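Everything on this sheet refers to the single structure shown next.
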Amino acid sequence: MIGGVAVIAGQPWLFPSLGPSIFLHVHKPNLESARLYNTVMGHLIGVAAGAVGVLLTGASQAPSVLSSQTMPLSRVGASAIAMGICLLVQQLLKASHPPAAATALLIALGGFKLVPSDMLAIAVGVGLIVLIGEPLRRARAGILFGDKRNK
């Protein structure tokens, strides 16, 4: 569904780390990592962690690993920093969402650039998961109408 909306809008709102997020919502709706807070905060942390890694290493000047098929040292450093920050901050904020680590890597490796259009694409993609997927996740988990028995 998100891919269809993206095609109609002509925007790249479907990206690799959304697939595992959708998987959690559908197949493991009762997991804490599938909850709304974890999904939104997890990806937000992933974006911030990726950005910090890129900025600290100057990796924004290096080619994207995904398009150049090369692995510049600055991208390796950015990835290590991004993953460390992502893991630490998700733990501290109790916002574990493993797919968001892929968002951090997409930024650190240059799949997304630190430009408004790319950041907006991530925000819209995650927003669509929340708008479409969260009600379905809650229904599947048996908590749509406040029923906390299956929480």
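Chain identifiers are assigned as A, B, and so on, following the order in which chains appear in the structure tokens; residues are numbered from 1 within each chain, and ligands are numbered from 1 in order of appearance.
Every protein, DNA or RNA residue with an atom at most 7 Å from Gly42 in chain A, where only C-alpha atoms count and chain neighbours fewer than 3 positions away do not, is listed here: Asn38, Thr39, Ile45, Gly46, Gln90, Ala95, Ser96, His97 and Ala100 of chain A.
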Could those residues be written to a file, using N, CA, C and O atoms, as a JSON list (two decimals), in the first residue's frame?
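The result, written out as part_33.json:
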```
[["chain", "number", "residue", "atom", "x", "y", "z"],
["A", 38, "ASN", "N", 7.76, 3.11, 19.75],
["A", 38, "ASN", "CA", 9.02, 2.50, 19.34],
["A", 38, "ASN", "C", 9.28, 2.71, 17.85],
["A", 38, "ASN", "O", 10.42, 2.97, 17.45],
["A", 39, "THR", "N", 8.25, 2.60, 17.04],
["A", 39, "THR", "CA", 8.41, 2.78, 15.59],
["A", 39, "THR", "C", 8.83, 4.21, 15.27],
["A", 39, "THR", "O", 9.83, 4.43, 14.58],
["A", 45, "ILE", "N", 15.43, 8.29, 16.02],
["A", 45, "ILE", "CA", 16.77, 8.07, 16.57],
["A", 45, "ILE", "C", 17.72, 7.59, 15.46],
["A", 45, "ILE", "O", 18.87, 8.03, 15.38],
["A", 46, "GLY", "N", 17.23, 6.69, 14.60],
["A", 46, "GLY", "CA", 18.05, 6.20, 13.49],
["A", 46, "GLY", "C", 18.48, 7.33, 12.56],
["A", 46, "GLY", "O", 19.65, 7.39, 12.15],
["A", 90, "GLN", "N", 18.40, 4.26, 21.66],
["A", 90, "GLN", "CA", 17.17, 3.46, 21.71],
["A", 90, "GLN", "C", 17.05, 2.77, 23.06],
["A", 90, "GLN", "O", 15.95, 2.70, 23.62],
["A", 95, "ALA", "N", 13.11, 2.75, 23.40],
["A", 95, "ALA", "CA", 12.47, 2.90, 22.08],
["A", 95, "ALA", "C", 13.04, 1.88, 21.10],
["A", 95, "ALA", "O", 13.28, 2.20, 19.94],
["A", 96, "SER", "N", 13.25, 0.66, 21.55],
["A", 96, "SER", "CA", 13.84, -0.36, 20.69],
["A", 96, "SER", "C", 12.97, -0.63, 19.47],
["A", 96, "SER", "O", 11.80, -0.97, 19.59],
["A", 97, "HIS", "N", 13.57, -0.47, 18.31],
["A", 97, "HIS", "CA", 12.90, -0.78, 17.04],
["A", 97, "HIS", "C", 14.02, -1.17, 16.06],
["A", 97, "HIS", "O", 14.58, -0.30, 15.38],
["A", 100, "ALA", "N", 14.95, 0.39, 12.63],
["A", 100, "ALA", "CA", 15.47, 1.75, 12.57],
["A", 100, "ALA", "C", 16.99, 1.77, 12.46],
["A", 100, "ALA", "O", 17.56, 2.76, 12.00]]
```
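Those residues that approach Arg75 in chain A to within 9 Å, counting only C-alpha atoms, are Gly53, Val54, Thr57, Gly58, Ala59, Ser60, Ala62, Pro63, Ser64, Val65, Met71, Pro72, Ala78, Ser79, Ala80, Ala108, Leu109 and Gly110 of chain A; same-chain residues fewer than 3 positions away are not listed.
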Atom pair CA of Pro20 in chain A + CA of Pro99 in chain A, distance 5.5 Å
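Every protein, DNA or RNA residue with an atom at most 10 Å from Gly111 in chain A, where only C-alpha atoms count and chain neighbours fewer than 5 positions away do not, is listed here: Phe15, Pro63, Ser64, Val65, Leu66, Ser67, Thr103, Ala104, Leu105, Leu106 and Asp118 of chain A.
Counting only C-alpha atoms, the residue from A:Asn30, A:Leu56, A:Ala102, A:Gln61 that sits nearest to Ile122 in chain A is A:Ala102.
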